[in-house]
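Trainee: Below is upload-v4.csv; it holds CSV, C-alpha atoms.
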```csv
chain,number,residue,atom,x,y,z
A,1,MET,CA,126.9,55.3,129.0
A,2,THR,CA,129.1,56.4,132.0
A,3,LYS,CA,131.6,54.0,133.5
A,4,ARG,CA,129.6,53.9,136.7
A,5,LEU,CA,126.3,53.0,134.9
A,6,PHE,CA,128.1,50.4,132.8
A,7,GLY,CA,129.4,48.8,136.0
A,8,VAL,CA,125.9,48.6,137.5
A,9,PHE,CA,124.7,47.1,134.2
A,10,LEU,CA,127.5,44.6,134.1
A,11,GLY,CA,127.0,43.6,137.7
A,12,ILE,CA,123.3,42.8,137.2
A,13,SER,CA,124.2,40.8,134.1
A,14,LEU,CA,126.8,38.7,135.9
A,15,PHE,CA,124.8,38.0,139.1
A,16,PHE,CA,121.4,37.6,137.4
A,17,PRO,CA,122.2,36.3,133.9
A,18,GLY,CA,118.5,35.7,133.1
A,19,PHE,CA,117.3,39.1,134.4
A,20,LEU,CA,117.5,40.9,131.1
A,21,THR,CA,116.9,38.1,128.5
A,22,ALA,CA,113.9,36.7,130.4
A,23,GLN,CA,112.1,39.9,129.8
A,24,GLU,CA,112.8,39.8,126.1
A,25,VAL,CA,112.4,36.2,124.9
A,26,ARG,CA,109.0,35.3,123.5
A,27,VAL,CA,108.4,31.6,124.0
A,28,PHE,CA,105.4,30.3,122.1
A,29,SER,CA,104.0,26.7,122.1
A,30,ILE,CA,102.5,24.4,119.5
A,31,GLY,CA,100.0,21.9,121.0
A,32,SER,CA,100.5,18.6,119.3
A,33,GLY,CA,99.5,15.1,120.3
A,34,ASN,CA,100.8,11.8,121.6
A,35,VAL,CA,104.6,11.5,121.3
A,36,ALA,CA,104.1,8.2,119.4
A,37,GLY,CA,101.8,9.7,116.8
A,38,ASN,CA,102.3,12.1,113.9
A,39,TYR,CA,101.4,15.4,115.6
A,40,PHE,CA,104.3,15.6,118.0
A,41,PRO,CA,107.1,15.0,115.5
A,42,VAL,CA,105.5,17.4,113.0
A,43,ALA,CA,105.2,20.1,115.7
A,44,SER,CA,108.8,19.4,116.8
A,45,ALA,CA,110.1,19.7,113.2
A,46,ILE,CA,108.2,23.0,112.7
A,47,CYS,CA,109.7,24.4,115.8
A,48,ASP,CA,113.1,23.3,114.8
A,49,ALA,CA,112.7,25.0,111.4
A,50,PHE,CA,111.6,28.2,113.1
A,51,ASN,CA,114.2,28.2,115.9
A,52,ALA,CA,117.0,27.5,113.4
A,53,ARG,CA,116.4,30.7,111.5
A,54,ASP,CA,115.0,33.1,114.1
A,55,ASP,CA,116.9,35.2,116.5
A,56,SER,CA,117.1,34.5,120.2
A,57,LEU,CA,114.2,36.6,121.1
A,58,ARG,CA,111.5,34.1,120.0
A,59,ARG,CA,111.5,30.4,120.6
A,60,CYS,CA,109.0,27.7,119.5
A,61,SER,CA,108.2,24.8,121.8
A,62,PRO,CA,106.3,21.7,120.8
A,63,GLU,CA,104.0,20.4,123.5
A,64,PRO,CA,102.8,16.8,123.7
A,65,THR,CA,99.0,16.7,124.4
A,66,PRO,CA,96.1,14.3,124.2
A,67,GLY,CA,95.3,15.7,120.7
A,68,SER,CA,92.9,17.9,118.7
A,69,VAL,CA,90.1,18.5,121.1
A,70,TYR,CA,92.4,19.2,124.1
A,71,ASN,CA,94.5,21.5,121.9
A,72,LEU,CA,91.5,23.6,120.9
A,73,LYS,CA,90.2,23.8,124.4
A,74,MET,CA,93.6,25.0,125.6
A,75,MET,CA,93.6,27.6,122.8
A,76,GLN,CA,90.2,28.8,124.1
A,77,SER,CA,91.6,29.3,127.5
A,78,GLY,CA,94.7,31.1,126.2
A,79,GLU,CA,97.1,28.4,127.3
A,80,LEU,CA,98.3,27.5,123.8
A,81,ASP,CA,99.3,29.9,121.0
A,82,PHE,CA,99.3,27.4,118.2
A,83,ALA,CA,98.0,23.9,117.8
A,84,ILE,CA,97.6,21.0,115.3
A,85,ALA,CA,94.0,20.0,115.0
A,86,GLN,CA,91.8,17.9,112.8
A,87,SER,CA,89.5,19.9,110.5
A,88,ASP,CA,86.3,18.4,111.9
A,89,TRP,CA,87.1,19.6,115.4
A,90,GLN,CA,88.2,22.9,114.0
A,91,GLN,CA,84.7,23.3,112.6
A,92,ALA,CA,83.1,22.2,115.9
A,93,ALA,CA,85.1,24.8,117.9
A,94,PHE,CA,84.6,27.5,115.3
A,95,GLU,CA,80.8,27.0,115.3
A,96,GLY,CA,80.5,26.1,119.0
A,97,THR,CA,78.9,22.6,118.4
A,98,THR,CA,79.2,19.0,119.7
A,99,LEU,CA,82.0,18.9,122.3
A,100,PHE,CA,82.3,22.7,122.1
A,101,ALA,CA,78.5,23.4,122.5
A,102,GLU,CA,78.9,24.6,126.1
A,103,ASP,CA,81.7,27.0,125.2
A,104,GLU,CA,81.6,30.2,123.3
A,105,ALA,CA,82.2,29.6,119.6
A,106,MET,CA,85.8,30.3,118.6
A,107,GLU,CA,84.9,32.6,115.7
A,108,ASP,CA,88.5,33.9,115.7
A,109,LEU,CA,90.0,30.5,115.0
A,110,ARG,CA,92.3,30.7,111.9
A,111,VAL,CA,94.3,28.3,109.8
A,112,VAL,CA,98.0,28.9,109.5
A,113,THR,CA,98.7,26.0,107.1
A,114,PRO,CA,97.1,22.7,106.3
A,115,LEU,CA,99.6,19.9,107.0
A,116,PHE,CA,98.4,16.4,105.9
A,117,LYS,CA,95.3,14.4,105.4
A,118,GLU,CA,94.2,12.0,108.1
A,119,ALA,CA,92.3,8.9,107.1
A,120,VAL,CA,89.8,6.9,109.1
A,121,THR,CA,91.8,3.7,109.4
A,122,ILE,CA,90.3,0.4,110.6
A,123,LEU,CA,93.0,-2.1,111.5
A,124,ALA,CA,91.6,-5.7,111.7
A,125,ALA,CA,93.1,-8.7,113.4
A,126,PRO,CA,94.0,-11.7,111.3
A,127,GLY,CA,91.2,-14.3,111.4
A,128,SER,CA,88.6,-11.7,112.6
A,129,GLY,CA,86.6,-12.0,109.4
A,130,ILE,CA,86.4,-8.2,109.1
A,131,ARG,CA,86.5,-7.0,105.5
A,132,THR,CA,84.2,-4.0,105.6
A,133,ILE,CA,82.9,-1.5,108.2
A,134,ARG,CA,79.7,-3.5,108.4
A,135,ASP,CA,81.7,-6.5,109.7
A,136,LEU,CA,82.5,-4.7,112.9
A,137,ARG,CA,79.0,-5.5,114.2
A,138,GLY,CA,79.3,-7.6,117.4
A,139,LYS,CA,83.1,-7.4,117.4
A,140,ALA,CA,85.6,-6.3,120.1
A,141,VAL,CA,86.7,-2.9,118.9
A,142,ASP,CA,89.2,-0.3,120.3
A,143,ILE,CA,88.4,3.4,119.7
A,144,GLY,CA,91.2,5.0,121.8
A,145,ARG,CA,91.5,6.6,125.2
A,146,SER,CA,88.4,8.5,126.3
A,147,ALA,CA,90.3,11.8,126.6
A,148,SER,CA,91.8,11.5,123.1
A,149,GLY,CA,90.8,13.2,119.9
A,150,ARG,CA,90.7,9.8,118.2
A,151,ASN,CA,88.0,8.6,120.6
A,152,ALA,CA,85.9,11.7,120.1
A,153,SER,CA,86.3,11.6,116.3
A,154,ILE,CA,85.2,8.0,116.1
A,155,ARG,CA,82.2,8.5,118.4
A,156,SER,CA,81.1,11.5,116.3
A,157,PHE,CA,81.6,9.7,113.0
A,158,LEU,CA,79.6,6.6,114.1
A,159,ASP,CA,76.8,8.8,115.6
A,160,GLN,CA,76.5,10.7,112.4
A,161,MET,CA,76.4,7.5,110.5
A,162,GLY,CA,73.5,6.4,112.6
A,163,LEU,CA,75.5,3.5,114.1
A,164,GLY,CA,76.8,4.4,117.5
A,165,LEU,CA,78.9,2.2,119.7
A,166,ASP,CA,76.0,-0.3,119.9
A,167,LEU,CA,77.4,-1.6,116.6
A,168,PHE,CA,80.2,-3.3,118.6
A,169,GLY,CA,80.0,-6.3,120.8
A,170,THR,CA,82.6,-4.8,123.2
A,171,THR,CA,84.2,-1.4,123.1
A,172,TYR,CA,87.8,-0.9,124.4
A,173,GLU,CA,89.5,2.4,125.0
A,174,LEU,CA,93.3,1.8,124.7
A,175,GLU,CA,96.5,3.6,124.0
A,176,PRO,CA,97.7,3.0,120.4
A,177,SER,CA,100.6,0.8,121.5
A,178,ASN,CA,98.4,-1.3,123.8
A,179,ALA,CA,95.8,-1.7,121.0
A,180,LEU,CA,98.5,-3.2,118.8
A,181,GLN,CA,99.5,-5.7,121.4
A,182,GLU,CA,95.8,-6.7,122.1
A,183,LEU,CA,95.1,-6.9,118.4
A,184,CYS,CA,98.0,-9.2,117.6
A,185,ALA,CA,97.3,-11.3,120.7
A,186,GLY,CA,93.7,-11.8,119.4
A,187,ARG,CA,92.1,-10.2,122.4
A,188,ILE,CA,90.4,-7.5,120.3
A,189,ASP,CA,89.1,-7.8,116.7
A,190,ALA,CA,89.8,-4.3,115.4
A,191,SER,CA,91.2,-0.9,116.3
A,192,ILE,CA,90.0,2.4,114.6
A,193,PHE,CA,92.3,5.3,114.1
A,194,VAL,CA,92.2,8.7,112.4
A,195,LEU,CA,95.8,9.3,111.2
A,196,GLY,CA,98.1,10.2,108.4
A,197,HIS,CA,99.9,7.7,106.3
A,198,PRO,CA,102.4,6.2,106.3
A,199,ASN,CA,102.3,5.5,110.0
A,200,GLN,CA,104.8,3.5,112.0
A,201,LEU,CA,102.2,1.9,114.2
A,202,ILE,CA,100.2,0.6,111.2
A,203,GLN,CA,103.4,-0.8,109.7
A,204,GLN,CA,104.2,-2.6,113.0
A,205,ALA,CA,100.8,-4.2,113.1
A,206,LEU,CA,101.0,-5.3,109.4
A,207,ASP,CA,104.5,-6.8,110.1
A,208,ALA,CA,103.9,-8.3,113.5
A,209,CYS,CA,100.7,-10.3,113.0
A,210,GLU,CA,99.5,-9.8,109.4
A,211,ALA,CA,96.7,-7.5,110.4
A,212,THR,CA,94.7,-5.9,107.6
A,213,LEU,CA,93.2,-2.6,106.7
A,214,VAL,CA,89.5,-2.4,106.2
A,215,SER,CA,87.6,-0.4,103.6
A,216,VAL,CA,85.3,2.4,104.8
A,217,ALA,CA,82.7,2.6,102.1
A,218,GLY,CA,79.1,2.0,101.3
A,219,PRO,CA,75.8,3.9,101.0
A,220,ASN,CA,75.9,5.2,104.6
A,221,VAL,CA,79.4,6.5,104.1
A,222,SER,CA,78.4,8.3,100.9
A,223,LYS,CA,75.5,9.9,102.7
A,224,PHE,CA,77.8,10.9,105.5
A,225,LEU,CA,80.2,12.6,103.1
A,226,SER,CA,77.4,14.5,101.4
A,227,GLN,CA,76.3,15.9,104.7
A,228,ASN,CA,79.8,16.6,106.1
A,229,PRO,CA,81.9,18.4,103.5
A,230,VAL,CA,84.8,18.7,105.9
A,231,TYR,CA,85.3,15.0,105.3
A,232,GLN,CA,86.4,13.8,101.9
A,233,ALA,CA,86.6,10.5,100.1
A,234,ALA,CA,90.2,9.1,100.3
A,235,THR,CA,92.4,6.1,99.6
A,236,ILE,CA,95.2,4.6,101.6
A,237,ASP,CA,98.1,3.6,99.3
A,238,MET,CA,99.3,0.2,100.6
A,239,GLY,CA,102.4,0.6,98.5
A,240,GLN,CA,103.6,2.7,101.5
A,241,TYR,CA,103.5,-0.5,103.5
A,242,GLY,CA,105.2,-2.8,101.0
A,243,GLN,CA,102.0,-3.9,99.3
A,244,PRO,CA,102.1,-2.2,95.9
A,245,GLY,CA,99.0,-2.0,93.8
A,246,ARG,CA,96.6,-2.1,96.7
A,247,GLN,CA,94.3,0.8,97.6
A,248,ILE,CA,92.0,1.0,100.6
A,249,THR,CA,88.9,3.2,100.2
A,250,THR,CA,88.1,5.4,103.2
A,251,ILE,CA,87.4,9.0,104.2
A,252,SER,CA,89.6,11.7,105.6
A,253,VAL,CA,89.9,15.0,107.4
A,254,VAL,CA,92.9,17.4,107.3
A,255,ALA,CA,95.3,18.1,110.1
A,256,ALA,CA,96.3,21.7,110.1
A,257,LEU,CA,98.3,24.2,112.1
A,258,VAL,CA,95.9,26.8,113.6
A,259,ALA,CA,96.0,29.9,115.8
A,260,ARG,CA,93.6,32.5,117.0
A,261,ASP,CA,93.2,35.7,115.1
A,262,GLY,CA,94.7,37.7,118.0
A,263,VAL,CA,98.1,36.0,117.6
A,264,GLU,CA,100.4,38.7,116.2
A,265,THR,CA,100.5,38.6,112.4
A,266,SER,CA,104.3,39.0,112.3
A,267,LEU,CA,104.8,35.9,114.4
A,268,VAL,CA,102.3,33.9,112.2
A,269,ALA,CA,104.0,35.2,109.1
A,270,ASP,CA,107.5,34.2,110.3
A,271,LEU,CA,106.3,30.8,111.4
A,272,ALA,CA,104.6,30.2,108.0
A,273,ASP,CA,107.6,31.4,106.2
A,274,ALA,CA,109.9,29.1,108.2
A,275,ILE,CA,107.7,26.1,107.2
A,276,GLU,CA,107.7,27.1,103.6
A,277,ASP,CA,111.5,27.5,103.6
A,278,ALA,CA,112.0,24.1,105.3
A,279,HIS,CA,109.5,22.4,103.0
A,280,GLN,CA,112.1,20.0,101.4
A,281,LYS,CA,113.6,19.0,104.7
A,282,LEU,CA,110.2,18.5,106.4
A,283,THR,CA,108.9,16.3,103.7
A,284,ALA,CA,112.2,14.3,103.6
A,285,ASP,CA,112.2,13.8,107.4
A,286,LEU,CA,108.5,13.2,107.8
A,287,PRO,CA,107.0,10.7,105.3
A,288,VAL,CA,103.5,11.7,106.3
A,289,LEU,CA,104.2,15.0,104.5
A,290,ASP,CA,105.5,13.3,101.4
A,291,ALA,CA,102.7,14.5,99.2
A,292,GLY,CA,103.7,18.1,100.1
A,293,ILE,CA,102.5,20.5,102.7
A,294,LEU,CA,99.0,21.3,101.5
A,295,LYS,CA,98.2,24.9,100.8
A,296,ASN,CA,94.8,25.1,99.2
A,297,PRO,CA,92.1,25.6,101.8
A,298,GLU,CA,89.3,25.8,99.3
A,299,VAL,CA,90.1,22.5,97.7
A,300,LEU,CA,90.5,20.9,101.1
A,301,ASN,CA,87.2,22.3,102.4
A,302,MET,CA,88.9,23.8,105.4
A,303,PRO,CA,86.2,25.0,107.8
A,304,VAL,CA,87.8,28.1,109.2
A,305,PRO,CA,89.4,31.2,107.5
A,306,GLU,CA,93.1,31.7,106.9
A,307,HIS,CA,95.1,33.7,109.5
A,308,PRO,CA,95.9,37.2,108.1
A,309,GLY,CA,99.5,36.7,108.9
A,310,VAL,CA,99.8,34.1,106.2
A,311,SER,CA,99.1,36.6,103.4
A,312,LEU,CA,102.2,38.5,104.4
A,313,VAL,CA,104.3,35.5,103.3
A,314,GLN,CA,102.4,35.1,100.0
A,315,ASN,CA,102.6,38.8,99.0
```
Will you turn the file into structure tokens for me?
Mentor:
Amino acid sequence: MTKRLFGVFLGISLFFPGFLTAQEVRVFSIGSGNVAGNYFPVASAICDAFNARDDSLRRCSPEPTPGSVYNLKMMQSGELDFAIAQSDWQQAAFEGTTLFAEDEAMEDLRVVTPLFKEAVTILAAPGSGIRTIRDLRGKAVDIGRSASGRNASIRSFLDQMGLGLDLFGTTYELEPSNALQELCAGRIDASIFVLGHPNQLIQQALDACEATLVSVAGPNVSKFLSQNPVYQAATIDMGQYGQPGRQITTISVVAALVARDGVETSLVADLADAIEDAHQKLTADLPVLDAGILKNPEVLNMPVPEHPGVSLVQN
């Protein structure tokens, strides 16, 4: 390089420091969920793991969102590279059904890694008399904000159970923190969530007003499971909440990190490798991952194929 050319290069760099690097840095995002839930801290931890070991040319950014359905819609439009989404909504997007029926099926949707199981969790107010899912009949029940994945999942679950929102006396659509306040104040009888355990919100409810968790079981639930293999029978270990020896029967889906097939295999491989390398720190920092980051899609009945980039890590 001549002295004159070097001087031009240096001048551009000094006066426009972002001119060169902006053209080179690849920023990619992970759609997550509400900052108070599990998705956002998990996405943040994954990005931290990637950014800590990668060079300056690629940066991972966690994005707070309304949740699974929104994330998948944004992936369809190309506004998100990666996302965390429930397996039931992955299936709907992959097949172009239910809330995705008006869109083209995302046949190129792929799993990067399963993360944790999410259980249908019914939180009942003290004195509500709710002991089973059947006891929700005629009660005041919160199912989450209308734009949230929680709301959509609960509506879908109830519809497929042949129950619908008519089961409740009054239906509320609240933010999780507001639901906890209303529950402990006795203004609602129950709130339904789909989430991983342990969960700080559930712990707060159990501590604040002696709320209880309700079993999700019975003939209708068994029939639902037989017709919807993406759901699995599950239990919530109440030992995580200081109640050793108690197990709550319920059903669960799987939260997984997903991407479309067109996302470059090298990026997916490096992201998956970063997660694998940071496994111990992730599970230590995030109790929801204590059982280990799940890596067996066949056992978990994941509804979409694995991204080809993942095989580069395994081989």
Trainee: Which residue out of A:Asp261, A:Glu173, A:Asp55, A:Glu104 has the minimum interatomic distance to A:Arg145 when only C-alpha atoms are used?
Mentor: A:Glu173
Trainee: Which residues of stretch 110-155 of chain A have any atom within 10 Å of an atom in stretch 26-42 of chain A when counting only C-alpha atoms, and what is the closest pair of atoms for each, with the distance in Å to one decimal? Order the rows by chain and rising number and write it as a Markdown table.
Mentor:
```
| residue | atom | partner | partner_atom | distance |
| --- | --- | --- | --- | --- |
| A:Leu115 | CA | A:Val42 | CA | 8.8 |
| A:Phe116 | CA | A:Asn38 | CA | 9.9 |
| A:Glu118 | CA | A:Asn38 | CA | 10.0 |
| A:Ser148 | CA | A:Gly33 | CA | 8.9 |
| A:Gly149 | CA | A:Gly33 | CA | 8.9 |
```
Trainee: Within 9 Å of A:Leu174, counting all atoms listed in the file, which residues qualify if same-chain residues fewer than 6 places away don't, as a ChimeraX atom specification?
Mentor: /A:142-146
Trainee: Between atom CA of A:Ala101 and atom CA of A:Leu294, what is the distance in Å, rounded to a tenth?
Mentor: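 If I compute the distance from atom CA of A:Ala101 to atom CA of A:Leu294, I get 29.4 Å.
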Trainee: Which residue, A:Ala119, A:Ile248, A:Ala124, A:Ala105, has the smallest gap to A:Arg187 when you use all atoms listed in the file?
Mentor: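 Checking each candidate against A:Arg187, we get A:Ala124 as the closest.
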Trainee: Please provide the set of residues having any atom within 9 Å of A:Arg150, restricted to all atoms listed in the file, with same-chain residues fewer than 5 positions apart removed, written as a PyMOL selection string.
Mentor: chain A and resi 67-68+143-145+155+192-195
Trainee: Pick from A:Thr113, A:Gln247, A:Thr171, A:Asn296: nearest to A:Ala272, with only C-alpha atoms counted?
Mentor: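 Among A:Thr113, A:Gln247, A:Thr171, A:Asn296, it is A:Thr113 that comes nearest to A:Ala272.
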Trainee: Within 9 Å of stretch 126-132 of chain A, which residues of stretch 150-237 of chain A come that close, and what is the closest atom pair and distance in Å for each? Count all atoms listed in the file and give it as JSON lines.
Mentor:
```
{"residue": "A:Leu183", "atom": "CA", "partner": "A:Pro126", "partner_atom": "CA", "distance": 8.6}
{"residue": "A:Cys184", "atom": "CA", "partner": "A:Pro126", "partner_atom": "CA", "distance": 7.9}
{"residue": "A:Gly186", "atom": "CA", "partner": "A:Pro126", "partner_atom": "CA", "distance": 8.1}
{"residue": "A:Ile188", "atom": "CA", "partner": "A:Ser128", "partner_atom": "CA", "distance": 9.0}
{"residue": "A:Asp189", "atom": "CA", "partner": "A:Ser128", "partner_atom": "CA", "distance": 5.7}
{"residue": "A:Ala190", "atom": "CA", "partner": "A:Ser128", "partner_atom": "CA", "distance": 8.0}
{"residue": "A:Cys209", "atom": "CA", "partner": "A:Pro126", "partner_atom": "CA", "distance": 7.1}
{"residue": "A:Glu210", "atom": "CA", "partner": "A:Pro126", "partner_atom": "CA", "distance": 6.1}
{"residue": "A:Ala211", "atom": "CA", "partner": "A:Pro126", "partner_atom": "CA", "distance": 5.1}
{"residue": "A:Thr212", "atom": "CA", "partner": "A:Pro126", "partner_atom": "CA", "distance": 6.9}
{"residue": "A:Leu213", "atom": "CA", "partner": "A:Arg131", "partner_atom": "CA", "distance": 8.1}
{"residue": "A:Val214", "atom": "CA", "partner": "A:Arg131", "partner_atom": "CA", "distance": 5.5}
{"residue": "A:Ser215", "atom": "CA", "partner": "A:Thr132", "partner_atom": "CA", "distance": 5.3}
{"residue": "A:Val216", "atom": "CA", "partner": "A:Thr132", "partner_atom": "CA", "distance": 6.5}
{"residue": "A:Ala217", "atom": "CA", "partner": "A:Thr132", "partner_atom": "CA", "distance": 7.6}
{"residue": "A:Gly218", "atom": "CA", "partner": "A:Thr132", "partner_atom": "CA", "distance": 9.0}
```
Trainee: Rounded to one decimal, what separation in Å do you get between atom CA of A:Pro198 and atom CA of A:Lys139?
Mentor: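 Calculated distance between atom CA of A:Pro198 and atom CA of A:Lys139 is 26.1 Å.
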Trainee: Could you please determine the separation between atom CA of A:Lys223 and atom CA of A:Asp159 in Å, to one decimal place?
Mentor: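 Distance reported for this atom pair: 13.0 Å.
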Trainee: From the list A:Ala208, A:Leu167, A:Ala45, A:Ala233, which residue is nearest A:Ala284 when using only C-alpha atoms?
Mentor: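 Ranked by minimum distance to A:Ala284, first place goes to A:Ala45.
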Trainee: Which one of A:Arg246, A:Phe94, A:Ser87, A:Ala140 sits closest to A:Leu300 if you count all atoms listed in the file?
Mentor: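 Ranked by minimum distance to A:Leu300, first place goes to A:Ser87.
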Trainee: Considering all atoms listed in the file, state which residue in the set A:Thr265, A:Ser226, A:Ser156, A:Thr170 is at the smallest distance from A:Leu99.
Mentor: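 Result for the nearest residue to A:Leu99: A:Ser156.
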Trainee: Show me the residues around (93.3, 30.9, 120.1) - criterion: an atom at most 7 Å away, only C-alpha atoms counted - as a ChimeraX atom specification.
Mentor: /A:75-76,78,81,109,259-261
Trainee: Would you mind listing what lies within 12 Å of A:Trp89 as a PyMOL selection string, with all atoms listed in the file counted and same-chain residues fewer than 4 positions away left out?
Mentor: chain A and resi 67-73+83-85+93-101+105-106+109+149-150+152-154+156-157+230-231+253-256+258+302-304
Trainee: Please rebuild stretch 84-92 of chain A with all heavy atoms and return the result as an mmCIF file, in the coordinates of the input.
Mentor:
```
data_model
loop_
_atom_site.group_PDB
_atom_site.id
_atom_site.type_symbol
_atom_site.label_atom_id
_atom_site.label_comp_id
_atom_site.auth_asym_id
_atom_site.auth_seq_id
_atom_site.Cartn_x
_atom_site.Cartn_y
_atom_site.Cartn_z
ATOM 1 N N ILE A 84 98.008 21.888 116.444
ATOM 2 C CA ILE A 84 97.600 21.000 115.300
ATOM 3 C C ILE A 84 96.307 20.414 115.662
ATOM 4 O O ILE A 84 96.141 19.876 116.762
ATOM 5 C CB ILE A 84 98.702 19.977 115.025
ATOM 6 C CG1 ILE A 84 100.045 20.634 114.692
ATOM 7 C CG2 ILE A 84 98.265 19.074 113.877
ATOM 8 C CD1 ILE A 84 101.192 19.654 114.497
ATOM 9 N N ALA A 85 95.354 20.493 114.750
ATOM 10 C CA ALA A 85 94.000 20.000 115.000
ATOM 11 C C ALA A 85 93.361 19.483 113.755
ATOM 12 O O ALA A 85 93.609 20.009 112.669
ATOM 13 C CB ALA A 85 93.147 21.041 115.686
ATOM 14 N N GLN A 86 92.529 18.463 113.903
ATOM 15 C CA GLN A 86 91.800 17.900 112.800
ATOM 16 C C GLN A 86 90.710 18.960 112.342
ATOM 17 O O GLN A 86 90.136 19.681 113.155
ATOM 18 C CB GLN A 86 91.023 16.653 113.192
ATOM 19 C CG GLN A 86 91.919 15.471 113.415
ATOM 20 C CD GLN A 86 91.158 14.277 113.954
ATOM 21 O OE1 GLN A 86 91.758 13.375 114.518
ATOM 22 N NE2 GLN A 86 89.842 14.245 113.805
ATOM 23 N N SER A 87 90.415 18.957 111.043
ATOM 24 C CA SER A 87 89.500 19.900 110.500
ATOM 25 C C SER A 87 88.067 19.767 111.020
ATOM 26 O O SER A 87 87.313 20.746 111.133
ATOM 27 C CB SER A 87 89.502 19.902 108.970
ATOM 28 O OG SER A 87 89.359 18.582 108.481
ATOM 29 N N ASP A 88 87.653 18.531 111.357
ATOM 30 C CA ASP A 88 86.300 18.400 111.900
ATOM 31 C C ASP A 88 86.153 19.005 113.255
ATOM 32 O O ASP A 88 85.120 19.624 113.559
ATOM 33 C CB ASP A 88 85.902 16.867 111.937
ATOM 34 C CG ASP A 88 86.911 15.995 112.670
ATOM 35 O OD1 ASP A 88 88.078 16.411 112.831
ATOM 36 O OD2 ASP A 88 86.545 14.866 113.066
ATOM 37 N N TRP A 89 87.205 18.928 114.085
ATOM 38 C CA TRP A 89 87.100 19.600 115.400
ATOM 39 C C TRP A 89 87.382 21.066 115.305
ATOM 40 O O TRP A 89 86.882 21.831 116.124
ATOM 41 C CB TRP A 89 88.114 18.896 116.364
ATOM 42 C CG TRP A 89 87.685 17.504 116.679
ATOM 43 C CD1 TRP A 89 88.361 16.352 116.433
ATOM 44 C CD2 TRP A 89 86.438 17.109 117.268
ATOM 45 N NE1 TRP A 89 87.629 15.260 116.821
ATOM 46 C CE2 TRP A 89 86.438 15.694 117.339
ATOM 47 C CE3 TRP A 89 85.319 17.794 117.726
ATOM 48 C CZ2 TRP A 89 85.375 14.975 117.861
ATOM 49 C CZ3 TRP A 89 84.250 17.080 118.247
ATOM 50 C CH2 TRP A 89 84.280 15.689 118.317
ATOM 51 N N GLN A 90 88.121 21.505 114.299
ATOM 52 C CA GLN A 90 88.200 22.900 114.000
ATOM 53 C C GLN A 90 86.816 23.506 113.780
ATOM 54 O O GLN A 90 86.444 24.561 114.307
ATOM 55 C CB GLN A 90 89.098 23.219 112.832
ATOM 56 C CG GLN A 90 90.558 22.870 112.988
ATOM 57 C CD GLN A 90 91.289 22.983 111.664
ATOM 58 O OE1 GLN A 90 90.988 23.854 110.855
ATOM 59 N NE2 GLN A 90 92.231 22.096 111.414
ATOM 60 N N GLN A 91 86.068 22.804 112.947
ATOM 61 C CA GLN A 91 84.700 23.300 112.600
ATOM 62 C C GLN A 91 83.831 23.307 113.847
ATOM 63 O O GLN A 91 83.091 24.282 114.057
ATOM 64 C CB GLN A 91 84.105 22.327 111.566
ATOM 65 C CG GLN A 91 82.705 22.739 111.125
ATOM 66 C CD GLN A 91 82.158 21.806 110.057
ATOM 67 O OE1 GLN A 91 82.223 20.586 110.158
ATOM 68 N NE2 GLN A 91 81.607 22.392 109.001
ATOM 69 N N ALA A 92 83.910 22.273 114.687
ATOM 70 C CA ALA A 92 83.100 22.200 115.900
ATOM 71 C C ALA A 92 83.435 23.389 116.827
ATOM 72 O O ALA A 92 82.540 24.029 117.402
ATOM 73 C CB ALA A 92 83.281 20.894 116.607
#
```
